[in-house]
Amino acid sequence: MSTERTFIAIKPDGVQRGLIGEIIKRFEQKGFKLVAMKLIHASADHLRQHYADLKEKPFFSGLIKYMSSGPVVAMVWEGLGAVKTGRVMLGETNPADSKPGTIRGDYCIQIDRNIIHGSDSVDSAKEEISLWFTPEELVSYTSCAESWIY
């Protein structure tokens with residue numbers, strides 16, 4: 001496993017329900033480093049780019065409407081195996097299939113209101129990070145790497 005970055009977004013229902021701190025806490029306690037974060041009300045055009053791979057799905061327009069209905073917390077997390085571990089922490093896309101202890105298993109019951117998004121591969125993480133953040137917005141920990149435990 002190597003150090004990598006992943007894109008995590010708390011969706012409008014997670015923001016509305018006040019779960020931002022709990023979700024950040026879980027990633028911090030796992031040992032990941034927060035590289036970037038912003039609260040943003042994403043436009044429908046921005047979200048169409050983000051979810052372009054789903055544009056042919058019947059739920060696409062509903063997804064864009066839901067994701068643009070309120071603010072999103074966009075984040076970049078860094079650490080060993082951040083993409084795979086992040087996905088495990090999120091739980092299954094369908095909360096009914098998510099185990100207790102995962103974010104979706106603990107906090108949601110509807111597939112179309114599933115609180116959080118996480119990159120599904122290193123390549124998609126790179127694309128998503130560049131879509132949501134400029135390089136200048138990403139913090140580098142290389143100068144203090146020797147003082148970090150992880």
# chains A, B, ... in the order shown; residues from 1 in each chain; ligands from 1

call {"tool": "residues_around", "arguments": {"residues": "segment 73-84 of chain A", "least_positions_apart": "6", "cutoff": "7 Å", "atoms": "only C-alpha atoms", "output": "PDB file with N, CA and C atoms, in the first residue's frame"}}
result
ATOM      1  N   MET A   1       0.836  -1.187   0.000  1.00  0.00           N
ATOM      2  CA  MET A   1       0.000   0.000   0.000  1.00  0.00           C
ATOM      3  C   MET A   1       0.874   1.241   0.000  1.00  0.00           C
ATOM      4  N   SER A   2       0.461   2.225  -0.761  1.00  0.00           N
ATOM      5  CA  SER A   2       1.253   3.444  -0.845  1.00  0.00           C
ATOM      6  C   SER A   2       0.439   4.647  -0.372  1.00  0.00           C
ATOM      7  N   THR A   3       1.169   5.730  -0.087  1.00  0.00           N
ATOM      8  CA  THR A   3       0.503   6.974   0.278  1.00  0.00           C
ATOM      9  C   THR A   3      -0.166   7.527  -0.965  1.00  0.00           C
ATOM     10  N   GLU A   4      -1.414   7.856  -0.826  1.00  0.00           N
ATOM     11  CA  GLU A   4      -2.191   8.381  -1.947  1.00  0.00           C
ATOM     12  C   GLU A   4      -3.215   9.370  -1.418  1.00  0.00           C
ATOM     13  N   ARG A   5      -3.872  10.027  -2.337  1.00  0.00           N
ATOM     14  CA  ARG A   5      -4.920  10.987  -1.988  1.00  0.00           C
ATOM     15  C   ARG A   5      -6.262  10.507  -2.518  1.00  0.00           C
ATOM     16  N   THR A   6      -7.302  10.828  -1.777  1.00  0.00           N
ATOM     17  CA  THR A   6      -8.656  10.495  -2.202  1.00  0.00           C
ATOM     18  C   THR A   6      -9.557  11.705  -2.036  1.00  0.00           C
ATOM     19  N   PHE A   7     -10.589  11.749  -2.864  1.00  0.00           N
ATOM     20  CA  PHE A   7     -11.585  12.816  -2.779  1.00  0.00           C
ATOM     21  C   PHE A   7     -12.792  12.287  -2.019  1.00  0.00           C
ATOM     22  N   ILE A   8     -13.200  13.020  -1.010  1.00  0.00           N
ATOM     23  CA  ILE A   8     -14.377  12.687  -0.209  1.00  0.00           C
ATOM     24  C   ILE A   8     -15.271  13.921  -0.191  1.00  0.00           C
ATOM     25  N   ALA A   9     -16.562  13.718  -0.408  1.00  0.00           N
ATOM     26  CA  ALA A   9     -17.511  14.833  -0.355  1.00  0.00           C
ATOM     27  C   ALA A   9     -18.686  14.459   0.544  1.00  0.00           C
ATOM     28  N   ILE A  10     -18.970  15.323   1.493  1.00  0.00           N
ATOM     29  CA  ILE A  10     -20.163  15.159   2.305  1.00  0.00           C
ATOM     30  C   ILE A  10     -21.295  15.807   1.520  1.00  0.00           C
ATOM     31  N   LYS A  11     -22.282  15.006   1.191  1.00  0.00           N
ATOM     32  CA  LYS A  11     -23.380  15.440   0.335  1.00  0.00           C
ATOM     33  C   LYS A  11     -24.345  16.354   1.106  1.00  0.00           C
ATOM     34  N   PHE A  32      -5.610   9.562   8.618  1.00  0.00           N
ATOM     35  CA  PHE A  32      -5.431  10.298   7.375  1.00  0.00           C
ATOM     36  C   PHE A  32      -5.194  11.779   7.660  1.00  0.00           C
ATOM     37  N   LYS A  33      -4.498  12.430   6.730  1.00  0.00           N
ATOM     38  CA  LYS A  33      -4.210  13.860   6.836  1.00  0.00           C
ATOM     39  C   LYS A  33      -5.136  14.621   5.888  1.00  0.00           C
ATOM     40  N   LEU A  34      -5.747  15.671   6.410  1.00  0.00           N
ATOM     41  CA  LEU A  34      -6.605  16.530   5.595  1.00  0.00           C
ATOM     42  C   LEU A  34      -5.721  17.441   4.750  1.00  0.00           C
ATOM     43  N   VAL A  35      -5.869  17.345   3.440  1.00  0.00           N
ATOM     44  CA  VAL A  35      -5.041  18.101   2.500  1.00  0.00           C
ATOM     45  C   VAL A  35      -5.776  19.343   1.989  1.00  0.00           C
ATOM     46  N   ALA A  36      -7.104  19.257   1.879  1.00  0.00           N
ATOM     47  CA  ALA A  36      -7.904  20.388   1.406  1.00  0.00           C
ATOM     48  C   ALA A  36      -9.350  20.178   1.826  1.00  0.00           C
ATOM     49  N   MET A  37     -10.038  21.309   2.025  1.00  0.00           N
ATOM     50  CA  MET A  37     -11.457  21.231   2.380  1.00  0.00           C
ATOM     51  C   MET A  37     -12.115  22.559   2.032  1.00  0.00           C
ATOM     52  N   LYS A  38     -13.346  22.468   1.508  1.00  0.00           N
ATOM     53  CA  LYS A  38     -14.135  23.674   1.278  1.00  0.00           C
ATOM     54  C   LYS A  38     -15.611  23.327   1.299  1.00  0.00           C
ATOM     55  N   LEU A  39     -16.389  24.303   1.737  1.00  0.00           N
ATOM     56  CA  LEU A  39     -17.838  24.220   1.702  1.00  0.00           C
ATOM     57  C   LEU A  39     -18.266  24.934   0.427  1.00  0.00           C
ATOM     58  N   ILE A  40     -18.993  24.239  -0.430  1.00  0.00           N
ATOM     59  CA  ILE A  40     -19.327  24.797  -1.729  1.00  0.00           C
ATOM     60  C   ILE A  40     -20.744  24.389  -2.128  1.00  0.00           C
ATOM     61  N   SER A 119     -13.979   8.642  -3.773  1.00  0.00           N
ATOM     62  CA  SER A 119     -13.365   8.159  -5.016  1.00  0.00           C
ATOM     63  C   SER A 119     -13.297   6.637  -5.003  1.00  0.00           C
ATOM     64  N   ASP A 120     -13.510   6.031  -6.184  1.00  0.00           N
ATOM     65  CA  ASP A 120     -13.488   4.573  -6.258  1.00  0.00           C
ATOM     66  C   ASP A 120     -12.180   4.000  -6.799  1.00  0.00           C
ATOM     67  N   SER A 121     -11.256   4.854  -7.198  1.00  0.00           N
ATOM     68  CA  SER A 121      -9.944   4.395  -7.657  1.00  0.00           C
ATOM     69  C   SER A 121      -8.953   5.557  -7.544  1.00  0.00           C
ATOM     70  N   VAL A 122      -7.687   5.236  -7.625  1.00  0.00           N
ATOM     71  CA  VAL A 122      -6.661   6.277  -7.575  1.00  0.00           C
ATOM     72  C   VAL A 122      -6.818   7.220  -8.766  1.00  0.00           C
ATOM     73  N   ILE A 129     -10.224  15.282  -7.644  1.00  0.00           N
ATOM     74  CA  ILE A 129      -9.479  16.314  -6.915  1.00  0.00           C
ATOM     75  C   ILE A 129      -9.218  17.511  -7.826  1.00  0.00           C
TER      76      ILE A 129
END

call {"tool": "residues_around", "arguments": {"residues": "segment 52-65 of chain A", "least_positions_apart": "4", "cutoff": "10 Å", "atoms": "only C-alpha atoms", "output": "PyMOL selection string"}}
result
chain A and resi 42-48+69-70+112-113

call {"tool": "residues_around", "arguments": {"residues": "Pro95 of chain A", "least_positions_apart": "6", "cutoff": "12 Å", "atoms": "only C-alpha atoms", "output": "ChimeraX atom specification"}}
result
/A:101-116

call {"tool": "write_last_selection", "arguments": {"atoms": "C-alpha atoms", "output": "mmCIF file, in the first residue's frame"}}
result
data_model
loop_
_atom_site.group_PDB
_atom_site.id
_atom_site.type_symbol
_atom_site.label_atom_id
_atom_site.label_comp_id
_atom_site.auth_asym_id
_atom_site.auth_seq_id
_atom_site.Cartn_x
_atom_site.Cartn_y
_atom_site.Cartn_z
ATOM 1 C CA GLY A 101 -19.479 1.032 11.937
ATOM 2 C CA THR A 102 -19.368 2.445 8.418
ATOM 3 C CA ILE A 103 -20.540 5.999 7.781
ATOM 4 C CA ARG A 104 -23.495 4.902 5.664
ATOM 5 C CA GLY A 105 -24.244 1.958 7.935
ATOM 6 C CA ASP A 106 -24.453 4.252 10.947
ATOM 7 C CA TYR A 107 -26.124 7.336 9.474
ATOM 8 C CA CYS A 108 -28.353 6.635 6.499
ATOM 9 C CA ILE A 109 -31.107 4.384 5.205
ATOM 10 C CA GLN A 110 -31.865 5.626 1.664
ATOM 11 C CA ILE A 111 -29.703 4.972 -1.390
ATOM 12 C CA ASP A 112 -30.627 8.338 -2.911
ATOM 13 C CA ARG A 113 -29.666 10.173 0.306
ATOM 14 C CA ASN A 114 -26.488 8.332 1.220
ATOM 15 C CA ILE A 115 -24.584 11.213 2.890
ATOM 16 C CA ILE A 116 -21.137 10.857 1.342
#

call {"tool": "select_by_dssp", "arguments": {"residues": "segment 76-148 of chain A", "states": "strand (DSSP E or B)", "output": "JSON, numbers by chain"}}
result
{"A": [76, 77, 78, 79, 80, 100, 102, 110, 113, 116, 117, 118]}

call {"tool": "atom_distance", "arguments": {"atom1": "atom CA of Leu131 of chain A", "atom2": "atom CA of Gly86 of chain A"}}
result
18.9 Å

call {"tool": "atom_distance", "arguments": {"atom1": "atom CA of His41 of chain A", "atom2": "atom CA of Gly14 of chain A"}}
result
13.5 Å

call {"tool": "select_by_dssp", "arguments": {"residues": "segment 89-123 of chain A", "states": "helix (DSSP H, G or I)", "output": "PyMOL selection string"}}
result
chain A and resi 89-90+95-97+103-107+122-123

call {"tool": "atom_distance", "arguments": {"atom1": "atom CA of Thr134 of chain A", "atom2": "atom CA of Gly18 of chain A"}}
result
26.7 Å
